[in-house]
$ cat data05.csv   # CSV, C-alpha atoms and all ligand atoms
chain,number,residue,atom,x,y,z
A,1,ASP,CA,113.4,93.2,127.6
A,2,LEU,CA,117.0,93.6,126.6
A,3,ILE,CA,117.7,95.7,123.5
A,4,LEU,CA,121.0,95.7,121.5
A,5,VAL,CA,122.0,99.1,120.3
A,6,SER,CA,124.9,99.1,117.8
A,7,GLY,CA,127.2,102.1,117.6
A,8,ALA,CA,126.0,103.2,121.1
A,9,SER,CA,128.8,105.8,121.3
A,10,GLY,CA,127.3,107.8,118.4
A,11,PHE,CA,125.2,110.9,118.5
A,12,ILE,CA,121.8,109.3,117.7
A,13,ALA,CA,122.5,105.9,119.3
A,14,SER,CA,123.5,107.4,122.7
A,15,HIS,CA,120.1,109.1,122.9
A,16,THR,CA,118.4,105.9,121.8
A,17,ALA,CA,120.1,103.9,124.5
A,18,LYS,CA,119.2,106.6,127.1
A,19,GLN,CA,115.5,106.7,126.2
A,20,LEU,CA,115.3,102.9,126.2
A,21,LEU,CA,116.8,102.9,129.7
A,22,GLN,CA,114.4,105.6,130.8
A,23,LYS,CA,111.5,103.5,129.5
A,24,GLY,CA,112.6,100.6,131.6
A,25,TYR,CA,114.4,98.5,129.0
A,26,LYS,CA,117.8,96.9,129.6
A,27,VAL,CA,120.4,98.0,127.0
A,28,ARG,CA,123.5,96.4,125.6
A,29,GLY,CA,125.4,98.9,123.5
A,30,THR,CA,128.2,97.9,121.0
A,31,VAL,CA,131.2,100.2,121.1
A,32,ARG,CA,134.6,100.2,119.4
A,33,SER,CA,136.7,100.7,122.6
A,34,GLU,CA,136.5,100.1,126.3
A,35,ALA,CA,136.9,103.9,126.9
A,36,LYS,CA,133.8,104.6,125.0
A,37,GLY,CA,131.9,101.9,126.8
A,38,GLU,CA,133.0,103.2,130.2
A,39,TYR,CA,132.0,106.8,129.2
A,40,LEU,CA,128.4,105.5,128.5
A,41,LYS,CA,128.3,103.5,131.7
A,42,ASP,CA,129.1,106.6,133.5
A,43,LEU,CA,126.6,108.7,131.5
A,44,PHE,CA,123.8,106.2,132.2
A,45,LYS,CA,124.5,105.7,135.9
A,46,GLY,CA,121.3,105.4,137.8
A,47,LEU,CA,119.1,105.2,134.7
A,48,GLY,CA,118.9,101.4,134.6
A,49,GLU,CA,120.8,98.3,133.4
A,50,PHE,CA,123.3,99.2,130.7
A,51,GLU,CA,126.2,97.0,129.6
A,52,TYR,CA,128.5,97.3,126.6
A,53,ALA,CA,130.0,94.8,124.2
A,54,LEU,CA,133.1,95.4,122.2
A,55,VAL,CA,132.6,95.3,118.4
A,56,ASP,CA,135.5,96.9,116.8
A,57,ASP,CA,135.2,96.4,113.1
A,58,ILE,CA,131.6,95.9,111.8
A,59,THR,CA,132.9,94.6,108.4
A,60,LYS,CA,134.4,91.5,110.0
A,61,ASP,CA,132.4,88.2,109.6
A,62,GLY,CA,130.6,87.1,112.7
A,63,VAL,CA,131.6,90.2,114.7
A,64,PHE,CA,128.1,90.5,116.2
A,65,ASP,CA,127.8,86.8,117.0
A,66,GLU,CA,128.2,87.2,120.8
A,67,ALA,CA,126.6,90.6,121.1
A,68,VAL,CA,123.2,89.4,119.8
A,69,ARG,CA,122.9,86.5,122.3
A,70,GLY,CA,120.0,86.9,124.7
A,71,VAL,CA,118.6,90.1,123.3
A,72,ASP,CA,114.9,90.6,122.5
A,73,ALA,CA,115.3,93.2,119.7
A,74,VAL,CA,118.1,95.1,117.9
A,75,ALA,CA,118.5,98.7,116.9
A,76,HIS,CA,121.3,98.9,114.4
A,77,LEU,CA,122.8,102.5,114.1
A,78,ALA,CA,126.5,101.9,113.6
A,79,SER,CA,127.5,103.2,110.2
A,80,PRO,CA,130.1,105.8,109.0
A,81,PHE,CA,128.6,109.3,108.2
A,82,TYR,CA,130.9,111.7,106.5
A,83,THR,CA,131.0,113.1,102.9
A,84,GLU,CA,134.3,115.0,102.9
A,85,GLY,CA,137.7,113.4,102.1
A,86,VAL,CA,136.1,110.2,100.8
A,87,LYS,CA,138.9,108.5,98.8
A,88,ASP,CA,136.9,105.4,97.8
A,89,PRO,CA,133.1,105.0,98.2
A,90,GLN,CA,133.8,101.5,99.5
A,91,GLU,CA,135.1,103.0,102.8
A,92,LEU,CA,131.5,104.0,103.5
A,93,ILE,CA,129.7,101.2,101.6
A,94,GLY,CA,131.7,98.4,103.2
A,95,PRO,CA,130.8,99.1,106.8
A,96,ALA,CA,127.2,100.3,105.9
A,97,VAL,CA,126.3,97.1,104.1
A,98,LYS,CA,128.4,94.5,105.9
A,99,GLY,CA,127.5,96.1,109.2
A,100,THR,CA,123.8,95.6,108.4
A,101,THR,CA,124.1,92.1,106.9
A,102,GLY,CA,126.5,91.1,109.6
A,103,VAL,CA,124.1,91.9,112.4
A,104,LEU,CA,121.3,90.1,110.6
A,105,LYS,CA,123.4,87.0,110.0
A,106,SER,CA,124.5,86.9,113.6
A,107,ILE,CA,120.8,87.1,114.7
A,108,GLN,CA,119.9,84.2,112.4
A,109,LYS,CA,122.8,82.2,113.7
A,110,ASN,CA,122.6,82.8,117.5
A,111,ASN,CA,119.2,84.4,118.3
A,112,PRO,CA,116.7,83.8,115.5
A,113,GLY,CA,113.7,84.1,118.0
A,114,ILE,CA,114.2,87.8,118.4
A,115,LYS,CA,111.2,90.0,117.8
A,116,ARG,CA,112.2,92.9,115.6
A,117,VAL,CA,115.2,94.8,114.1
A,118,VAL,CA,115.2,98.5,113.5
A,119,ILE,CA,117.9,100.0,111.3
A,120,THR,CA,118.8,103.7,110.8
A,121,SER,CA,118.6,104.4,107.1
A,122,SER,CA,118.4,108.0,105.9
A,123,VAL,CA,116.6,110.3,103.5
A,124,ALA,CA,119.8,109.6,101.5
A,125,ALA,CA,118.1,106.3,100.5
A,126,ILE,CA,115.0,108.2,99.3
A,127,MET,CA,116.2,111.3,97.4
A,128,SER,CA,117.4,111.4,93.8
A,129,THR,CA,119.4,114.6,93.6
A,130,ASP,CA,120.5,114.3,89.9
A,131,SER,CA,117.4,112.9,88.2
A,132,ARG,CA,114.8,114.9,90.2
A,133,PRO,CA,115.9,118.5,90.6
A,134,ALA,CA,114.2,120.3,93.5
A,135,PRO,CA,111.5,121.0,94.5
A,136,ASN,CA,110.0,117.5,95.2
A,137,LEU,CA,107.8,116.2,97.9
A,138,TYR,CA,109.4,112.9,98.9
A,139,THR,CA,107.6,110.0,100.7
A,140,GLU,CA,108.5,106.5,101.9
A,141,ASP,CA,107.6,105.2,98.4
A,142,ASP,CA,110.6,106.9,96.9
A,143,TRP,CA,114.0,105.4,96.5
A,144,ASN,CA,117.3,107.0,95.6
A,145,GLN,CA,117.8,106.1,91.9
A,146,ASP,CA,121.0,108.1,91.3
A,147,SER,CA,123.7,107.3,93.8
A,148,ILE,CA,124.3,103.5,93.2
A,149,PRO,CA,124.7,104.1,89.4
A,150,HIS,CA,126.9,107.1,90.2
A,151,VAL,CA,129.4,105.1,92.3
A,152,GLU,CA,129.3,102.2,89.8
A,153,LYS,CA,130.2,104.6,87.0
A,154,ASN,CA,132.7,106.8,88.8
A,155,GLY,CA,134.4,104.5,91.3
A,156,THR,CA,137.0,106.3,93.3
A,157,LYS,CA,136.1,109.6,91.5
A,158,SER,CA,132.6,109.5,93.0
A,159,THR,CA,131.5,112.6,95.0
A,160,GLY,CA,131.4,112.2,98.7
A,161,GLY,CA,127.7,112.9,98.8
A,162,HIS,CA,126.9,110.1,96.4
A,163,ALA,CA,129.3,107.8,98.2
A,164,TYR,CA,127.4,108.3,101.5
A,165,GLN,CA,124.0,108.2,99.8
A,166,ALA,CA,124.9,105.0,98.0
A,167,SER,CA,126.1,103.4,101.3
A,168,LYS,CA,122.7,104.2,103.0
A,169,THR,CA,120.7,103.0,100.0
A,170,LEU,CA,122.6,99.8,99.6
A,171,ALA,CA,122.4,99.1,103.4
A,172,GLU,CA,118.6,99.6,103.5
A,173,LYS,CA,118.2,97.5,100.4
A,174,ALA,CA,120.3,94.8,102.0
A,175,LEU,CA,117.9,94.7,105.0
A,176,TRP,CA,114.8,94.2,102.9
A,177,LYS,CA,116.5,91.7,100.6
A,178,PHE,CA,117.7,89.7,103.6
A,179,ILE,CA,114.1,89.4,104.8
A,180,GLU,CA,112.8,88.4,101.4
A,181,ASP,CA,115.5,85.8,100.9
A,182,GLU,CA,115.8,84.3,104.5
A,183,LYS,CA,112.1,84.8,105.6
A,184,PRO,CA,113.1,85.1,109.3
A,185,SER,CA,110.5,84.8,112.0
A,186,TRP,CA,111.4,88.4,113.2
A,187,ASP,CA,110.5,91.5,111.2
A,188,ALA,CA,112.1,94.9,110.7
A,189,ALA,CA,111.6,98.6,110.3
A,190,ALA,CA,113.8,101.4,108.9
A,191,ILE,CA,114.1,105.0,110.1
A,192,ASN,CA,114.9,107.6,107.5
A,193,PRO,CA,115.9,110.9,109.0
A,194,PRO,CA,117.2,114.0,107.2
A,195,LEU,CA,119.9,116.1,109.0
A,196,VAL,CA,119.7,115.3,112.7
A,197,LEU,CA,120.4,118.2,115.2
A,198,GLY,CA,120.0,118.5,119.0
A,199,GLU,CA,121.6,118.0,122.4
A,200,VAL,CA,125.0,116.2,122.3
A,201,ILE,CA,125.4,113.6,125.1
A,202,HIS,CA,128.0,111.3,123.6
A,203,GLN,CA,131.7,111.7,124.1
A,204,VAL,CA,133.1,114.6,122.0
A,205,ASP,CA,136.3,116.2,123.2
A,206,SER,CA,136.6,119.0,120.6
A,207,PRO,CA,134.5,120.7,117.9
A,208,GLU,CA,136.7,119.0,115.2
A,209,LYS,CA,135.4,115.6,116.5
A,210,LEU,CA,131.7,116.4,116.3
A,211,ASN,CA,129.6,114.1,114.2
A,212,THR,CA,128.8,115.4,110.7
A,213,SER,CA,125.3,116.8,111.3
A,214,VAL,CA,126.0,118.6,114.6
A,215,ALA,CA,129.3,119.9,113.2
A,216,TYR,CA,127.2,121.6,110.6
A,217,LEU,CA,125.0,123.5,113.1
A,218,TRP,CA,128.1,124.3,115.2
A,219,GLN,CA,129.4,126.4,112.2
A,220,TRP,CA,126.4,128.6,112.5
A,221,LEU,CA,126.4,128.7,116.4
A,222,SER,CA,130.1,129.5,116.5
A,223,GLY,CA,130.0,132.4,114.1
A,224,LYS,CA,131.7,130.7,111.1
A,225,LYS,CA,128.9,131.6,108.7
A,226,THR,CA,128.4,135.0,107.2
A,227,GLU,CA,125.6,137.0,105.5
A,228,SER,CA,126.6,135.5,102.2
A,229,ASP,CA,125.6,132.1,103.4
A,230,LEU,CA,122.0,133.4,103.8
A,231,PRO,CA,119.2,132.6,103.2
A,232,GLY,CA,120.7,129.1,102.8
A,233,PRO,CA,118.4,126.4,101.6
A,234,LEU,CA,119.9,123.5,103.4
A,235,GLY,CA,117.6,120.5,103.1
A,236,ASN,CA,115.4,119.1,105.9
A,237,TRP,CA,116.1,118.5,109.6
A,238,VAL,CA,114.9,116.7,112.7
A,239,ASP,CA,115.7,116.6,116.4
A,240,VAL,CA,117.8,113.8,117.7
A,241,LYS,CA,115.4,113.0,120.6
A,242,ASP,CA,112.6,112.6,118.1
A,243,VAL,CA,114.7,110.2,116.0
A,244,ALA,CA,115.7,108.2,119.1
A,245,GLU,CA,112.0,107.9,120.1
A,246,ALA,CA,111.1,106.8,116.5
A,247,HIS,CA,113.6,103.9,116.8
A,248,ILE,CA,112.0,102.8,120.1
A,249,LYS,CA,108.4,103.2,118.8
A,250,ALA,CA,109.4,101.3,115.7
A,251,LEU,CA,110.3,98.4,117.9
A,252,GLU,CA,107.2,98.6,119.9
A,253,VAL,CA,104.3,99.5,117.5
A,254,GLU,CA,102.9,96.4,115.7
A,255,GLU,CA,102.0,98.3,112.5
A,256,ALA,CA,105.7,99.4,112.1
A,257,SER,CA,106.4,95.9,110.8
A,258,GLY,CA,108.1,96.0,107.3
A,259,GLN,CA,107.8,99.8,107.1
A,260,ARG,CA,110.2,102.6,106.5
A,261,PHE,CA,109.6,106.0,108.3
A,262,ILE,CA,110.8,109.4,107.2
A,263,THR,CA,111.3,111.2,110.5
A,264,GLY,CA,111.4,114.8,109.2
A,265,ALA,CA,110.4,118.0,110.9
A,266,GLY,CA,110.6,120.1,107.8
A,267,TYR,CA,112.7,122.6,105.9
A,268,LEU,CA,116.1,123.6,107.2
A,269,ILE,CA,117.0,127.1,106.2
A,270,GLY,CA,120.0,129.1,107.3
A,271,GLN,CA,117.8,132.1,107.9
A,272,ALA,CA,115.6,130.0,110.3
A,273,ILE,CA,118.7,128.8,112.1
A,274,VAL,CA,120.1,132.3,112.7
A,275,ASP,CA,116.7,133.6,113.8
A,276,GLY,CA,116.6,130.9,116.5
A,277,ILE,CA,120.2,131.6,117.6
A,278,HIS,CA,119.5,135.4,118.0
A,279,LYS,CA,116.4,134.7,119.9
A,280,ARG,CA,117.8,132.1,122.3
A,281,PHE,CA,121.4,133.2,122.5
A,282,PRO,CA,121.3,137.0,122.3
A,283,ASP,CA,125.1,137.0,123.2
A,284,ALA,CA,126.2,134.8,120.4
A,285,LYS,CA,129.0,136.4,118.4
A,286,ASN,CA,129.4,136.9,114.7
A,287,VAL,CA,126.1,135.3,113.8
A,288,PRO,CA,124.6,136.8,110.6
A,289,VAL,CA,121.2,138.5,110.8
A,290,GLY,CA,119.9,138.3,107.2
A,291,LYS,CA,116.1,139.0,106.8
A,292,PRO,CA,114.5,137.6,109.9
A,293,GLY,CA,111.3,135.5,109.3
A,294,GLU,CA,111.6,135.5,105.5
A,295,TYR,CA,111.5,131.8,104.5
A,296,GLU,CA,108.8,131.5,101.9
A,297,GLU,CA,110.8,132.3,98.7
A,298,THR,CA,113.5,129.9,99.8
A,299,THR,CA,111.3,127.0,100.6
A,300,LYS,CA,109.6,127.2,97.2
A,301,LYS,CA,112.8,125.9,95.7
A,302,MET,CA,113.4,123.1,98.2
A,303,ASN,CA,112.7,119.4,98.6
A,304,LEU,CA,110.4,118.4,101.4
A,305,PHE,CA,110.5,115.0,103.1
A,306,ASN,CA,107.0,114.2,104.4
A,307,GLY,CA,107.3,113.1,108.0
A,308,ASP,CA,103.6,112.5,108.6
A,309,LYS,CA,103.7,108.7,108.6
A,310,ALA,CA,106.1,108.7,111.6
A,311,LYS,CA,103.7,111.2,113.3
A,312,LYS,CA,100.7,109.0,112.6
A,313,VAL,CA,102.0,105.5,113.1
A,314,LEU,CA,104.8,106.1,115.7
A,315,GLY,CA,103.2,109.1,117.4
A,316,ILE,CA,106.2,111.4,116.9
A,317,ASN,CA,105.5,115.0,117.8
A,318,TYR,CA,108.4,116.9,116.2
A,319,LYS,CA,110.3,119.5,118.1
A,320,THR,CA,110.7,123.0,116.7
A,321,LEU,CA,113.9,124.1,115.0
A,322,GLU,CA,114.3,126.9,117.5
A,323,GLN,CA,114.1,124.5,120.4
A,324,SER,CA,116.4,122.0,118.8
A,325,THR,CA,118.9,124.7,117.9
A,326,TYR,CA,118.8,125.9,121.5
A,327,GLU,CA,119.4,122.4,122.9
A,328,THR,CA,122.3,121.9,120.5
A,329,GLY,CA,123.8,125.2,121.4
A,330,GLU,CA,123.3,124.7,125.2
A,331,SER,CA,125.1,121.4,125.1
A,332,LEU,CA,128.0,122.6,122.9
A,333,PHE,CA,128.6,125.9,124.6
A,334,LYS,CA,128.9,124.0,127.9
A,335,LYS,CA,131.6,121.8,126.3
A,336,PHE,CA,133.4,124.2,124.1
A,337,GLY,CA,132.6,127.7,125.4
A,338,HIS,CA,131.2,130.5,123.2
B,401,LIG,P1,127.9,109.2,114.6
B,401,LIG,O1,129.1,109.4,113.7
B,401,LIG,O2,127.9,110.0,115.9
B,401,LIG,O3,127.7,107.7,114.9
B,401,LIG,C1,128.1,106.7,114.1
B,401,LIG,C2,128.3,105.4,114.9
B,401,LIG,O4,128.7,104.4,114.1
B,401,LIG,C3,129.4,105.6,116.0
B,401,LIG,O5,129.0,104.9,117.1
B,401,LIG,C4,130.6,105.0,115.3
B,401,LIG,O6,131.6,104.5,116.2
B,401,LIG,C5,130.0,103.9,114.5
B,401,LIG,N1,130.8,103.5,113.4
B,401,LIG,C6,131.1,104.2,112.3
B,401,LIG,N2,131.8,103.5,111.4
B,401,LIG,C7,132.1,102.3,112.1
B,401,LIG,C8,132.8,101.2,111.7
B,401,LIG,N3,133.5,101.1,110.6
B,401,LIG,N4,132.9,100.1,112.6
B,401,LIG,C9,132.2,100.2,113.8
B,401,LIG,N5,131.5,101.3,114.1
B,401,LIG,C10,131.4,102.3,113.3
B,401,LIG,O7,126.7,109.7,113.7
B,401,LIG,P2,125.1,109.6,113.9
B,401,LIG,O8,124.7,109.3,115.2
B,401,LIG,O9,124.6,110.8,113.2
B,401,LIG,O10,124.8,108.3,112.9
B,401,LIG,C11,124.1,107.2,113.3
B,401,LIG,C12,123.3,106.6,112.2
B,401,LIG,O11,122.4,107.5,111.7
B,401,LIG,C13,124.2,106.3,111.0
B,401,LIG,O12,123.7,105.0,110.4
B,401,LIG,C14,123.9,107.4,110.0
B,401,LIG,O13,124.1,107.0,108.7
B,401,LIG,C15,122.4,107.7,110.3
B,401,LIG,N6,121.9,109.0,109.9
B,401,LIG,C16,122.4,110.1,110.5
B,401,LIG,C17,121.9,111.4,110.2
B,401,LIG,C18,122.4,112.6,110.8
B,401,LIG,O14,122.2,113.7,110.3
B,401,LIG,N7,123.2,112.6,111.9
B,401,LIG,C19,120.9,111.5,109.2
B,401,LIG,C20,120.4,110.2,108.6
B,401,LIG,C21,120.9,109.1,109.0
B,401,LIG,P3,132.6,105.5,116.9
B,401,LIG,O15,131.9,106.3,118.0
B,401,LIG,O16,133.6,104.6,117.5
B,401,LIG,O17,133.2,106.3,115.8
$ encode --input "data05.csv" --output "structure tokens"
Amino acid sequence: DLILVSGASGFIASHTAKQLLQKGYKVRGTVRSEAKGEYLKDLFKGLGEFEYALVDDITKDGVFDEAVRGVDAVAHLASPFYTEGVKDPQELIGPAVKGTTGVLKSIQKNNPGIKRVVITSSVAAIMSTDSRPAPNLYTEDDWNQDSIPHVEKNGTKSTGGHAYQASKTLAEKALWKFIEDEKPSWDAAAINPPLVLGEVIHQVDSPEKLNTSVAYLWQWLSGKKTESDLPGPLGNWVDVKDVAEAHIKALEVEEASGQRFITGAGYLIGQAIVDGIHKRFPDAKNVPVGKPGEYEETTKKMNLFNGDKAKKVLGINYKTLEQSTYETGESLFKKFGH
């Protein structure tokens, strides 16, 4: 089978493409430039049949028309992820929503016999940070109630957090609405990860160019955080290879049809991150120590996203934070030094 992976040059999508190739699928990745496409061709050399298609601006009508031709399934991951320096929520919402509806329309137009579409949503489409103060136990039944009204009310004065969360909520809603309205013969699934960490294999030339979630862990690894940042309740996390596998399983497993899946490995706490760094990188410099092993008081006040459904239905066996921190650090220290 040939699978289309949109945004293949990204952190999660590059792992998704790699694992697809390793499982024997053919992969067509969409990228914004030839240079990014060639980087991937090189990266995947010897792994199987990889080709790329140029899709520069996902907000343009019909931009996926050619890319979807001849594929058996689609994994749509391209979407902007940043929360700092957002001038207008529409800069995130536009590509998130039009990217999603655009790929779906192109499928209907040029390849309606496709089997399944999986899109990368987020826990951003699940959590309601204003109306439901932590702690909460969130499941796939929950929807973000706060971010869409926030951006409707505040416009260009919206917070970057709500702008991003609204973009993910609106994009996932657009998927389910498209299916309800158009009743296509194909079906869909959504993957809803919290903060994604892990080995970086996509093209990144400097720490400043890291994707948002890895950039966050890099601050800890590179000694930018201090004792005052501990214990640091930070949300929830998951490893990139588990998220990539979830995308593939969501295309393969029959029961995934019409479902959303939280892929969450549990609490992310600054203290747990630094414990892992000290254990696996004893030479790491300027990394705070805090109170090793003390998590319980912190987690009591935190939201938890229940990742059991992805375990059960998709067979995901979550990596530990220590291992994921190690794999992130290994790949980044190799690129950028200590
Ligand atoms: P990256 O920033 O590494 O990947 C984003 C991808 O989308 C890149 O390939 C990027 O292309 C592409 N893209 C962004 N904006 C546009 C646009 N306007 N037009 C065309 N392509 C665009 O981040 P991730 O891998 O982390 O994100 C992948 C998906 O996962 C996103 O949908 C994100 O919302 C979601 N997600 C991520 C989480 C995380 O913690 N990382 C958590 C939950 C969900 P280019 O390489 O050219 O910039």
$ closest_atom_pairs --input "data05.csv" --of "chain A" --to "ligand LIG 401 (chain B)" --cutoff "6 Å" --atoms "all atoms listed in the file" --output "tab-separated table"
residue	atom	partner	partner_atom	distance
A:Gly7	CA	B:LIG401	O5	3.4
A:Ala8	CA	B:LIG401	O5	5.3
A:Ser9	CA	B:LIG401	O5	4.3
A:Gly10	CA	B:LIG401	O2	3.4
A:Phe11	CA	B:LIG401	O8	3.7
A:Ile12	CA	B:LIG401	O8	3.8
A:Ala13	CA	B:LIG401	O8	5.8
A:Arg32	CA	B:LIG401	O16	4.9
A:Asp56	CA	B:LIG401	C9	5.5
A:Asp57	CA	B:LIG401	N4	4.4
A:Ile58	CA	B:LIG401	N4	4.5
A:Leu77	CA	B:LIG401	C12	4.5
A:Ala78	CA	B:LIG401	O4	3.4
A:Ser79	CA	B:LIG401	O12	4.2
A:Pro80	CA	B:LIG401	N2	3.7
A:Phe81	CA	B:LIG401	O13	5.1
A:Pro95	CA	B:LIG401	N3	5.1
A:Thr120	CA	B:LIG401	O12	5.1
A:Ser121	CA	B:LIG401	C21	5.6
A:Ser122	CA	B:LIG401	C20	4.0
A:Pro193	CA	B:LIG401	C20	4.6
A:Pro194	CA	B:LIG401	C19	4.9
A:Leu195	CA	B:LIG401	O14	3.6
A:Val196	CA	B:LIG401	O14	3.8
A:Asn211	CA	B:LIG401	O1	4.8
A:Ser213	CA	B:LIG401	O14	4.5
$ write_last_selection --input "data05.csv" --atoms "C-alpha atoms" --output "short mmCIF file (atom, residue, chain, number, x, y, z; two decimals), in the frame of the given file"
data_model
loop_
_atom_site.label_atom_id
_atom_site.label_comp_id
_atom_site.auth_asym_id
_atom_site.auth_seq_id
_atom_site.Cartn_x
_atom_site.Cartn_y
_atom_site.Cartn_z
CA GLY A 7 127.20 102.10 117.60
CA ALA A 8 126.00 103.20 121.10
CA SER A 9 128.80 105.80 121.30
CA GLY A 10 127.30 107.80 118.40
CA PHE A 11 125.20 110.90 118.50
CA ILE A 12 121.80 109.30 117.70
CA ALA A 13 122.50 105.90 119.30
CA ARG A 32 134.60 100.20 119.40
CA ASP A 56 135.50 96.90 116.80
CA ASP A 57 135.20 96.40 113.10
CA ILE A 58 131.60 95.90 111.80
CA LEU A 77 122.80 102.50 114.10
CA ALA A 78 126.50 101.90 113.60
CA SER A 79 127.50 103.20 110.20
CA PRO A 80 130.10 105.80 109.00
CA PHE A 81 128.60 109.30 108.20
CA PRO A 95 130.80 99.10 106.80
CA THR A 120 118.80 103.70 110.80
CA SER A 121 118.60 104.40 107.10
CA SER A 122 118.40 108.00 105.90
CA PRO A 193 115.90 110.90 109.00
CA PRO A 194 117.20 114.00 107.20
CA LEU A 195 119.90 116.10 109.00
CA VAL A 196 119.70 115.30 112.70
CA ASN A 211 129.60 114.10 114.20
CA SER A 213 125.30 116.80 111.30
#
$ residues_around --input "data05.csv" --residues "region 229-231 of chain A" --least-positions-apart "4" --cutoff "7 Å" --atoms "all atoms listed in the file" --output "PyMOL selection string"
chain A and resi 225+269-271+290
$ residues_around --input "data05.csv" --residues "region 147-156 of chain A" --least-positions-apart "2" --cutoff "6 Å" --atoms "all atoms listed in the file" --output "JSON, numbers by chain"
{"A": [88, 158, 162, 166]}
$ write_last_selection --input "data05.csv" --atoms "C-alpha atoms" --output "short mmCIF file (atom, residue, chain, number, x, y, z; two decimals), in the frame of the given file"
data_model
loop_
_atom_site.label_atom_id
_atom_site.label_comp_id
_atom_site.auth_asym_id
_atom_site.auth_seq_id
_atom_site.Cartn_x
_atom_site.Cartn_y
_atom_site.Cartn_z
CA ASP A 88 136.90 105.40 97.80
CA SER A 158 132.60 109.50 93.00
CA HIS A 162 126.90 110.10 96.40
CA ALA A 166 124.90 105.00 98.00
#
$ residues_around --input "data05.csv" --residues "Lys334 (chain A)" --least-positions-apart "2" --cutoff "12 Å" --atoms "all atoms listed in the file" --output "PyMOL selection string"
chain A and resi 199-201+204-207+327-332+336-338
$ closest_residue --input "data05.csv" --among "A:Val31, A:Ala124, A:Ala244, A:Ala73" --to "Leu54 (chain A)" --atoms "all atoms listed in the file"
A:Val31
$ closest_residue --input "data05.csv" --among "A:Leu40, A:Leu4, A:Ala272, A:Leu217" --to "Leu251 (chain A)" --atoms "all atoms listed in the file"
A:Leu4
